[in-house]
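Participant: Contents are TSV, C-alpha atoms; file name upload-v1.tsv:
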```
chain	number	residue	atom	x	y	z
A	16	MET	CA	173.13	-111.15	349.83
A	17	LEU	CA	171.34	-110.52	346.53
A	18	THR	CA	168.35	-108.58	347.81
A	19	THR	CA	167.80	-104.96	346.87
A	20	LEU	CA	169.19	-102.84	349.66
A	21	ASN	CA	167.18	-99.80	350.58
A	22	ASP	CA	170.21	-97.83	351.59
A	23	LEU	CA	171.66	-98.01	348.06
A	24	THR	CA	168.50	-96.82	346.35
A	25	GLU	CA	168.24	-93.50	344.53
A	26	SER	CA	164.74	-92.10	344.03
A	27	CYS	CA	163.44	-89.73	341.36
A	28	ILE	CA	162.60	-86.14	342.34
A	29	THR	CA	162.03	-84.70	338.85
A	30	THR	CA	162.50	-86.09	335.35
A	31	GLU	CA	163.09	-84.23	332.09
A	32	THR	CA	163.25	-85.56	328.53
A	33	ILE	CA	166.14	-83.75	326.82
A	34	ARG	CA	165.69	-85.40	323.43
A	35	SER	CA	163.26	-87.84	321.84
A	36	GLY	CA	161.72	-88.65	318.50
A	37	GLY	CA	165.01	-89.52	316.82
A	38	MET	CA	166.98	-92.72	317.39
A	39	LEU	CA	167.82	-91.94	321.02
A	40	THR	CA	165.73	-90.76	323.92
A	41	LEU	CA	167.78	-88.95	326.57
A	42	LYS	CA	166.49	-88.17	330.05
A	43	VAL	CA	167.91	-86.15	332.92
A	44	ASP	CA	166.53	-86.81	336.39
A	45	GLN	CA	167.15	-85.09	339.69
A	46	VAL	CA	167.42	-87.83	342.32
A	47	ALA	CA	167.60	-88.25	346.08
A	48	LEU	CA	170.83	-90.09	346.98
A	49	PRO	CA	171.27	-92.52	349.90
A	50	SER	CA	173.53	-89.92	351.53
A	51	GLY	CA	170.54	-87.56	351.81
A	52	ARG	CA	171.90	-85.18	349.21
A	53	THR	CA	170.55	-84.74	345.68
A	54	GLY	CA	172.24	-85.68	342.42
A	55	GLN	CA	171.64	-85.72	338.69
A	56	ARG	CA	171.35	-88.83	336.49
A	57	GLU	CA	171.49	-88.68	332.68
A	58	TYR	CA	170.55	-91.78	330.73
A	59	VAL	CA	169.39	-93.19	327.43
A	60	VAL	CA	165.94	-94.84	327.30
A	61	HIS	CA	166.22	-97.88	325.04
A	62	PRO	CA	163.58	-100.41	323.87
A	63	GLY	CA	165.92	-103.39	324.39
A	64	ALA	CA	167.41	-105.71	321.79
A	65	SER	CA	167.90	-109.36	320.86
A	66	VAL	CA	171.05	-111.03	319.52
A	67	VAL	CA	171.33	-114.45	317.84
A	68	VAL	CA	174.03	-117.12	317.72
A	69	ALA	CA	172.77	-118.96	314.60
A	70	LEU	CA	174.42	-122.29	313.80
A	71	LEU	CA	174.59	-123.32	310.14
A	72	PRO	CA	174.29	-127.01	309.15
A	73	ASN	CA	178.13	-127.24	309.14
A	74	GLY	CA	178.20	-125.97	312.76
A	75	HIS	CA	179.55	-122.55	311.76
A	76	VAL	CA	178.24	-119.34	313.32
A	77	LEU	CA	176.54	-116.75	311.10
A	78	LEU	CA	178.31	-113.36	311.36
A	79	GLU	CA	177.99	-109.89	309.88
A	80	LYS	CA	180.40	-107.11	309.10
A	81	GLN	CA	178.82	-103.74	309.70
A	82	PHE	CA	180.10	-100.17	309.86
A	83	ARG	CA	179.31	-98.56	313.20
A	84	TYR	CA	179.33	-94.81	313.01
A	85	PRO	CA	180.00	-93.90	316.69
A	86	LEU	CA	183.37	-95.70	316.44
A	87	HIS	CA	183.95	-95.15	312.68
A	88	GLN	CA	184.87	-98.79	312.34
A	89	VAL	CA	183.64	-102.02	310.74
A	90	PHE	CA	182.69	-104.54	313.44
A	91	ILE	CA	182.19	-108.30	313.29
A	92	GLU	CA	178.80	-108.90	314.89
A	93	LEU	CA	176.12	-111.46	315.40
A	94	PRO	CA	172.70	-110.74	313.87
A	95	ALA	CA	170.85	-108.44	316.29
A	96	GLY	CA	168.34	-105.67	316.46
A	97	LYS	CA	166.07	-103.52	318.55
A	98	ILE	CA	162.78	-104.72	319.98
A	99	ASP	CA	159.73	-103.24	318.25
A	100	ALA	CA	156.92	-101.85	320.43
A	101	SER	CA	155.37	-104.63	322.55
A	102	GLU	CA	157.28	-107.35	320.64
A	103	PRO	CA	158.38	-110.39	322.67
A	104	PRO	CA	162.22	-110.61	322.56
A	105	LEU	CA	162.17	-114.06	320.90
A	106	LEU	CA	160.12	-112.64	318.01
A	107	THR	CA	162.66	-109.82	317.69
A	108	ALA	CA	165.44	-112.40	317.41
A	109	GLN	CA	163.52	-114.38	314.77
A	110	ARG	CA	162.56	-111.24	312.83
A	111	GLU	CA	166.05	-109.78	312.84
A	112	LEU	CA	167.68	-113.07	311.78
A	113	LEU	CA	165.26	-113.33	308.86
A	114	GLU	CA	165.49	-109.65	307.86
A	115	GLU	CA	169.28	-109.42	308.05
A	116	THR	CA	170.30	-112.87	306.80
A	117	GLY	CA	167.26	-114.59	305.22
A	118	TYR	CA	167.56	-117.53	307.63
A	119	SER	CA	164.86	-118.97	309.84
A	120	ALA	CA	165.52	-121.67	312.45
A	121	LYS	CA	163.73	-124.79	313.72
A	122	GLU	CA	164.91	-124.55	317.31
A	123	TRP	CA	165.50	-121.54	319.56
A	124	VAL	CA	167.20	-121.56	322.97
A	125	ALA	CA	167.18	-118.59	325.36
A	126	LEU	CA	170.76	-118.02	326.61
A	127	GLY	CA	169.92	-115.30	329.13
A	128	ARG	CA	170.12	-111.54	329.09
A	129	GLN	CA	172.64	-108.83	329.77
A	130	HIS	CA	172.62	-105.09	330.45
A	131	PRO	CA	175.40	-103.56	328.33
A	132	CYS	CA	175.56	-100.00	329.76
A	133	ILE	CA	174.08	-99.85	333.26
A	134	GLY	CA	175.70	-96.49	333.97
A	135	TYR	CA	173.85	-94.52	331.30
A	136	SER	CA	171.27	-96.70	329.51
A	137	ASP	CA	168.36	-98.95	330.46
A	138	GLU	CA	169.06	-101.27	327.50
A	139	VAL	CA	168.70	-105.02	328.01
A	140	ILE	CA	169.95	-107.51	325.41
A	141	HIS	CA	168.28	-110.93	325.14
A	142	MET	CA	170.61	-113.66	323.85
A	143	TYR	CA	169.45	-116.63	321.77
A	144	LEU	CA	170.89	-119.73	320.15
A	145	ALA	CA	169.23	-120.74	316.84
A	146	VAL	CA	169.75	-124.21	315.34
A	147	GLY	CA	168.26	-126.05	312.37
A	148	LEU	CA	168.72	-123.10	310.00
A	149	MET	CA	166.77	-122.86	306.75
A	150	ALA	CA	167.96	-120.41	304.07
A	151	GLY	CA	165.55	-117.90	302.54
A	152	GLN	CA	165.42	-114.34	301.28
A	153	HIS	CA	166.71	-111.51	303.44
A	154	LYS	CA	164.73	-108.28	303.83
A	155	ARG	CA	167.45	-105.72	304.29
A	156	ASP	CA	166.56	-102.28	303.04
A	157	GLU	CA	168.84	-100.38	300.69
A	158	ASP	CA	170.37	-98.33	303.52
A	159	GLU	CA	171.19	-101.37	305.68
A	160	ALA	CA	174.73	-102.11	304.53
A	161	LEU	CA	176.19	-105.32	305.92
A	162	GLU	CA	178.14	-108.35	304.74
A	163	LEU	CA	177.44	-111.90	305.84
A	164	PHE	CA	180.01	-114.60	306.48
A	165	ASP	CA	180.45	-117.54	308.83
A	166	LEU	CA	183.12	-119.05	311.06
A	167	SER	CA	183.44	-122.03	313.37
A	168	LEU	CA	182.74	-121.29	317.04
A	169	SER	CA	186.39	-121.96	317.88
A	170	ASP	CA	187.49	-119.48	315.19
A	171	CYS	CA	185.07	-116.93	316.71
A	172	LEU	CA	186.65	-117.46	320.12
A	173	GLY	CA	190.09	-117.04	318.50
A	174	LEU	CA	189.01	-113.66	317.09
A	175	ILE	CA	187.84	-112.61	320.56
A	176	LYS	CA	191.22	-113.56	322.00
A	177	SER	CA	193.08	-111.65	319.25
A	178	GLY	CA	190.81	-108.60	319.72
A	179	GLN	CA	189.32	-108.74	316.20
A	180	ILE	CA	185.88	-109.37	317.68
A	181	SER	CA	185.38	-106.58	320.25
A	182	ASP	CA	181.62	-105.94	320.08
A	183	GLY	CA	180.45	-106.66	323.62
A	184	LYS	CA	177.06	-108.19	322.76
A	185	THR	CA	178.75	-110.51	320.21
A	186	MET	CA	181.52	-111.59	322.61
A	187	LEU	CA	179.07	-112.26	325.42
A	188	ALA	CA	176.52	-114.19	323.33
A	189	LEU	CA	179.33	-116.34	321.88
A	190	PHE	CA	180.60	-117.17	325.38
A	191	MET	CA	177.08	-117.98	326.58
A	192	ALA	CA	176.50	-120.18	323.51
A	193	GLU	CA	179.82	-121.97	324.01
A	194	ARG	CA	178.89	-122.81	327.61
A	195	TYR	CA	175.39	-123.95	326.62
A	196	LEU	CA	176.67	-126.11	323.76
A	197	ALA	CA	179.26	-127.74	326.04
A	198	GLU	CA	176.30	-128.98	328.12
A	199	HIS	CA	174.10	-129.77	325.08
A	200	PRO	CA	176.51	-131.12	322.42
A	201	HIS	CA	173.69	-132.71	320.38
A	202	LEU	CA	172.70	-129.18	319.25
A	203	LEU	CA	176.00	-128.74	317.39
A	204	ALA	CA	175.18	-131.88	315.38
A	205	ALA	CA	171.67	-130.52	314.74
A	206	GLY	CA	173.03	-127.14	313.52
B	3	MET	CA	188.00	-110.81	305.43
B	4	LEU	CA	188.66	-108.50	308.38
B	5	THR	CA	189.69	-105.39	306.49
B	6	THR	CA	187.60	-102.25	306.61
B	7	LEU	CA	185.40	-102.24	303.56
B	8	ASN	CA	184.96	-98.91	301.84
B	9	ASP	CA	181.48	-99.75	300.68
B	10	LEU	CA	180.22	-100.10	304.27
B	11	THR	CA	181.66	-96.76	305.41
B	12	GLU	CA	179.47	-93.83	306.47
B	13	SER	CA	181.08	-90.40	306.36
B	14	CYS	CA	180.24	-87.27	308.35
B	15	ILE	CA	178.54	-84.36	306.56
B	16	THR	CA	177.71	-82.20	309.60
B	17	THR	CA	178.00	-82.77	313.35
B	18	GLU	CA	176.07	-81.14	316.17
B	19	THR	CA	176.54	-81.42	319.94
B	20	ILE	CA	173.05	-81.70	321.47
B	21	ARG	CA	174.21	-81.87	325.06
B	22	SER	CA	177.50	-81.64	326.93
B	23	GLY	CA	178.90	-80.47	330.24
B	24	GLY	CA	176.90	-82.96	332.30
B	25	MET	CA	177.63	-86.66	332.63
B	26	LEU	CA	176.78	-87.46	328.99
B	27	THR	CA	177.79	-85.81	325.74
B	28	LEU	CA	175.27	-86.46	322.94
B	29	LYS	CA	176.02	-85.78	319.27
B	30	VAL	CA	173.83	-85.90	316.17
B	31	ASP	CA	175.59	-86.19	312.81
B	32	GLN	CA	174.24	-86.08	309.29
B	33	VAL	CA	176.10	-88.76	307.34
B	34	ALA	CA	176.56	-89.99	303.77
B	35	LEU	CA	175.48	-93.64	303.57
B	36	PRO	CA	177.03	-96.30	301.29
B	37	SER	CA	173.74	-96.30	299.33
B	38	GLY	CA	174.40	-92.68	298.29
B	39	ARG	CA	171.59	-91.35	300.46
B	40	THR	CA	172.00	-89.39	303.67
B	41	GLY	CA	171.10	-90.48	307.17
B	42	GLN	CA	171.28	-89.33	310.78
B	43	ARG	CA	173.39	-90.87	313.54
B	44	GLU	CA	172.86	-90.07	317.24
B	45	TYR	CA	175.48	-91.22	319.73
B	46	VAL	CA	177.01	-90.75	323.14
B	47	VAL	CA	180.63	-89.59	323.33
B	48	HIS	CA	182.29	-91.46	326.21
B	49	PRO	CA	185.82	-91.25	327.66
B	50	GLY	CA	186.12	-95.06	327.98
B	51	ALA	CA	186.37	-97.15	331.13
B	52	SER	CA	188.37	-99.87	332.86
B	53	VAL	CA	187.04	-102.89	334.77
B	54	VAL	CA	188.97	-105.15	337.16
B	55	VAL	CA	188.75	-108.83	338.07
B	56	ALA	CA	190.65	-108.63	341.39
B	57	LEU	CA	191.61	-111.95	343.02
B	58	LEU	CA	191.86	-112.02	346.80
B	59	PRO	CA	194.47	-114.24	348.52
B	60	ASN	CA	191.78	-116.96	348.89
B	61	GLY	CA	191.18	-116.89	345.12
B	62	HIS	CA	187.84	-115.13	345.48
B	63	VAL	CA	186.77	-112.30	343.17
B	64	LEU	CA	186.11	-108.85	344.63
B	65	LEU	CA	182.56	-107.68	343.80
B	66	GLU	CA	180.35	-104.67	344.48
B	67	LYS	CA	176.65	-104.15	344.84
B	68	GLN	CA	175.62	-100.81	343.43
B	69	PHE	CA	172.29	-99.14	342.62
B	70	ARG	CA	172.08	-98.18	338.95
B	71	TYR	CA	169.53	-95.48	338.34
B	72	PRO	CA	168.73	-96.08	334.62
B	73	LEU	CA	167.44	-99.57	335.53
B	74	HIS	CA	166.32	-98.75	339.12
B	75	GLN	CA	168.04	-101.90	340.31
B	76	VAL	CA	170.98	-103.03	342.44
B	77	PHE	CA	173.61	-104.76	340.28
B	78	ILE	CA	176.46	-107.06	341.16
B	79	GLU	CA	179.50	-105.57	339.47
B	80	LEU	CA	183.24	-105.71	339.29
B	81	PRO	CA	185.15	-102.59	340.35
B	82	ALA	CA	185.19	-100.24	337.35
B	83	GLY	CA	185.21	-96.62	336.39
B	84	LYS	CA	185.62	-94.00	333.71
B	85	ILE	CA	188.98	-92.96	332.29
B	86	ASP	CA	190.10	-89.50	333.40
B	87	ALA	CA	191.43	-87.09	330.76
B	88	SER	CA	194.61	-88.50	329.16
B	89	GLU	CA	194.84	-91.30	331.75
B	90	PRO	CA	196.25	-94.64	330.52
B	91	PRO	CA	193.54	-97.34	331.00
B	92	LEU	CA	195.74	-99.41	333.34
B	93	LEU	CA	196.07	-96.41	335.68
B	94	THR	CA	192.28	-96.03	335.60
B	95	ALA	CA	191.92	-99.66	336.64
B	96	GLN	CA	194.44	-99.23	339.48
B	97	ARG	CA	192.91	-95.94	340.63
B	98	GLU	CA	189.32	-97.25	340.59
B	99	LEU	CA	190.24	-100.45	342.45
B	100	LEU	CA	191.98	-98.39	345.14
B	101	GLU	CA	189.26	-95.71	345.37
B	102	GLU	CA	186.32	-98.12	345.45
B	103	THR	CA	187.77	-101.00	347.48
B	104	GLY	CA	191.02	-99.86	349.12
B	105	TYR	CA	192.98	-102.65	347.44
B	106	SER	CA	196.12	-102.36	345.37
B	107	ALA	CA	197.67	-105.27	343.46
B	108	LYS	CA	201.18	-106.55	342.74
B	109	GLU	CA	200.43	-107.96	339.30
B	110	TRP	CA	198.17	-106.69	336.51
B	111	VAL	CA	197.22	-108.55	333.33
B	112	ALA	CA	195.44	-106.93	330.36
B	113	LEU	CA	192.53	-109.18	329.33
B	114	GLY	CA	191.52	-107.21	326.23
B	115	ARG	CA	188.86	-104.65	325.49
B	116	GLN	CA	185.24	-104.55	324.45
B	117	HIS	CA	182.82	-102.02	322.99
B	118	PRO	CA	179.56	-102.35	324.97
B	119	CYS	CA	177.19	-100.21	322.83
B	120	ILE	CA	178.48	-99.86	319.26
B	121	GLY	CA	175.08	-98.70	317.99
B	122	TYR	CA	174.92	-95.50	320.02
B	123	SER	CA	178.11	-94.96	322.02
B	124	ASP	CA	181.85	-94.82	321.33
B	125	GLU	CA	182.65	-96.31	324.75
B	126	VAL	CA	185.47	-98.83	325.03
B	127	ILE	CA	186.00	-100.89	328.20
B	128	HIS	CA	189.48	-102.16	329.05
B	129	MET	CA	189.47	-105.38	331.08
B	130	TYR	CA	192.15	-106.29	333.64
B	131	LEU	CA	193.03	-109.11	336.00
B	132	ALA	CA	194.66	-108.03	339.28
B	133	VAL	CA	196.45	-110.52	341.53
B	134	GLY	CA	198.53	-110.22	344.68
B	135	LEU	CA	196.04	-107.91	346.42
B	136	MET	CA	197.05	-105.74	349.37
B	137	ALA	CA	194.32	-104.24	351.55
B	138	GLY	CA	194.27	-100.50	352.31
B	139	GLN	CA	191.89	-97.60	352.78
B	140	HIS	CA	189.23	-96.91	350.18
B	141	LYS	CA	188.59	-93.37	348.93
B	142	ARG	CA	184.88	-93.47	348.18
B	143	ASP	CA	183.13	-90.16	348.59
B	144	GLU	CA	179.98	-89.82	350.66
B	145	ASP	CA	177.70	-90.01	347.58
B	146	GLU	CA	179.32	-93.18	346.20
B	147	ALA	CA	177.11	-95.83	347.78
B	148	LEU	CA	178.30	-99.37	347.21
B	149	GLU	CA	178.78	-102.60	349.15
B	150	LEU	CA	181.77	-104.88	348.80
B	151	PHE	CA	181.73	-108.67	348.95
B	152	ASP	CA	183.57	-111.55	347.33
B	153	LEU	CA	182.79	-114.88	345.70
B	154	SER	CA	184.74	-117.72	344.13
B	155	LEU	CA	185.06	-117.49	340.34
B	156	SER	CA	182.89	-120.59	339.96
B	157	ASP	CA	180.18	-118.98	342.14
B	158	CYS	CA	180.39	-115.87	339.92
B	159	LEU	CA	179.87	-118.05	336.84
B	160	GLY	CA	176.92	-119.67	338.60
B	161	LEU	CA	175.34	-116.26	339.18
B	162	ILE	CA	175.79	-115.46	335.48
B	163	LYS	CA	174.05	-118.70	334.56
B	164	SER	CA	171.17	-118.00	336.98
B	165	GLY	CA	170.83	-114.42	335.71
B	166	GLN	CA	171.75	-112.78	339.02
B	167	ILE	CA	174.83	-111.23	337.43
B	168	SER	CA	173.54	-109.45	334.30
B	169	ASP	CA	175.87	-106.45	334.03
B	170	GLY	CA	177.51	-106.93	330.62
B	171	LYS	CA	180.95	-105.58	331.51
B	172	THR	CA	181.07	-107.81	334.62
B	173	MET	CA	179.94	-110.95	332.73
B	174	LEU	CA	182.43	-110.40	329.94
B	175	ALA	CA	185.43	-109.62	332.17
B	176	LEU	CA	184.68	-112.71	334.29
B	177	PHE	CA	184.58	-114.91	331.16
B	178	MET	CA	187.82	-113.37	329.87
B	179	ALA	CA	189.46	-113.90	333.27
B	180	GLU	CA	188.25	-117.50	333.44
B	181	ARG	CA	189.80	-118.24	330.04
B	182	TYR	CA	193.05	-116.50	330.95
B	183	LEU	CA	193.32	-118.28	334.31
B	184	ALA	CA	192.69	-121.67	332.65
B	185	GLU	CA	195.88	-121.03	330.66
B	186	HIS	CA	197.79	-119.46	333.60
B	187	PRO	CA	196.68	-121.45	336.67
B	188	HIS	CA	199.66	-120.29	338.77
B	189	LEU	CA	197.94	-116.86	339.03
B	190	LEU	CA	195.07	-118.37	341.02
B	191	ALA	CA	197.60	-119.61	343.58
B	192	ALA	CA	199.24	-116.16	343.61
B	193	GLY	CA	195.88	-114.39	344.19
```
Would you write the structure of this file as structure tokens?
Facilitator:
Amino acid sequence: MLTTLNDLTESCITTETIRSGGMLTLKVDQVALPSGRTGQREYVVHPGASVVVALLPNGHVLLEKQFRYPLHQVFIELPAGKIDASEPPLLTAQRELLEETGYSAKEWVALGRQHPCIGYSDEVIHMYLAVGLMAGQHKRDEDEALELFDLSLSDCLGLIKSGQISDGKTMLALFMAERYLAEHPHLLAAG
Amino acid sequence: MLTTLNDLTESCITTETIRSGGMLTLKVDQVALPSGRTGQREYVVHPGASVVVALLPNGHVLLEKQFRYPLHQVFIELPAGKIDASEPPLLTAQRELLEETGYSAKEWVALGRQHPCIGYSDEVIHMYLAVGLMAGQHKRDEDEALELFDLSLSDCLGLIKSGQISDGKTMLALFMAERYLAEHPHLLAAG
């Protein structure tokens, strides 16, 4: 049931890079469709990202408020960031948590991965739970404007229900963390 | 706490459309940053989408297997699709369910919305639960290659845990549906 089916596969005929060198790389490929005809696929090439559910000693989740230009809106988000060249995703998670918040963590749990935009991007997001937090000095640069705050996990889930948390990667990592913590309740005490 | 903070806001100085007319519209804006400096923002302009958790009479969830070119992989997905010009998102959900699967539904519940890619896309995905399904004739075109199947909600959650369901919009809509159904169990019986 879950095997790759040959008769669904689209194969590349030609590929063209429309834009690169900035933040986004955009490609347009001509492809052979299963029907026998040809089609065009446009997509963003992305290095991948990691996102962190970091539990403070009081069990609260570390959150950020950040302005996101494509939607002209401040979002409530978990710490997250793009994978640097050849960086293992766990290191990305640890680096971004430290850079954005100043925290490091004693224990890291992989919560799985998700593909946020399979229609037009190859991005994968690796999700982590971080417990045993130790405060330190953040390394945000002057142009990285964000505000830190924290909320209990149940308050986070309440903000998802009310629509005040609508960032997909944040919603999904919180749900994955909730499920993991329900099976590993000792980690909440260790937060 | 949840208000938009002026000192996080980035404002547009100039905007340029790099590509349009195909599947993706890509814009590059020069923006004024909160720091006083200027920066560049590249993003995809997207019409938005709707995704459907459709419950069959046996309580199973309707799923699709579809090849997604950006990741060169077959994904397990919920029925979903892009919003047509000036189409209300509920109509998109109803139209896509009918076109892709042939099913219509007696009852529709809005489960909320999510933004899958706030860093580089303005896409919003509206999530719906559909119950009271009635089978009919799908309207897939010849180039729309997908396979339908169905699984219990608990089997879907198992495939998320094992990583076999990794499409973000599908994971998130299943979690939202699970939470909604836990509070409205009569809908499972009505599926």
Participant: Which distance in Å separates CA of Thr107 (chain A) and CA of Pro200 (chain A), to one decimal?
Facilitator: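 Calculated distance between CA of Thr107 (chain A) and CA of Pro200 (chain A) is 25.8 Å.
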Participant: Up to 7 Å from chain A, what residues of chain B turn up? Count all atoms listed in the file and give them as an NGL selection string.
Facilitator: :B and (6 or 10-12 or 25-26 or 35 or 37 or 44-45 or 68-73 or 76 or 114-124 or 144-145 or 147-148 or 165 or 168-171 or 174)
Participant: For Lys141 (chain B), find every residue with an atom within 10 Å (counting all atoms listed in the file), except residues of its own chain fewer than 2 positions away, and show them as number ranges by chain.
Facilitator: B: 97-104, 138-139, 143-144, 146
Participant: Between CA of Ala150 (chain A) and CA of Val68 (chain A), what is the distance in Å, rounded to a tenth?
Facilitator: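 Result for CA of Ala150 (chain A) versus CA of Val68 (chain A): 15.3 Å, one decimal.
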Participant: State, in Å with one decimal place, the distance from CA of Ala82 (chain B) to CA of Leu174 (chain A).
Facilitator: 24.6 Å
Participant: Counting all atoms listed in the file, figure out which residue out of A:Cys171, A:Leu148, A:Leu203, A:Ala120 gets nearest to Leu71 (chain A).
Facilitator: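 Closest candidate: A:Leu148.
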Participant: List as a count of residues only the protein and nucleic acid residues near His75 (chain A), meaning an atom at most 9 Å away when all atoms listed in the file are counted, but skip any in the same chain fewer than 5 places from it.
Facilitator: 7
Participant: My list of candidates is B:Met136, B:Leu92, B:Leu159, B:Leu150. Which is closest to Ala179 (chain B) when distances are computed with all atoms listed in the file?
Facilitator: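 Of the candidates, the smallest distance to Ala179 (chain B) is held by B:Leu159.
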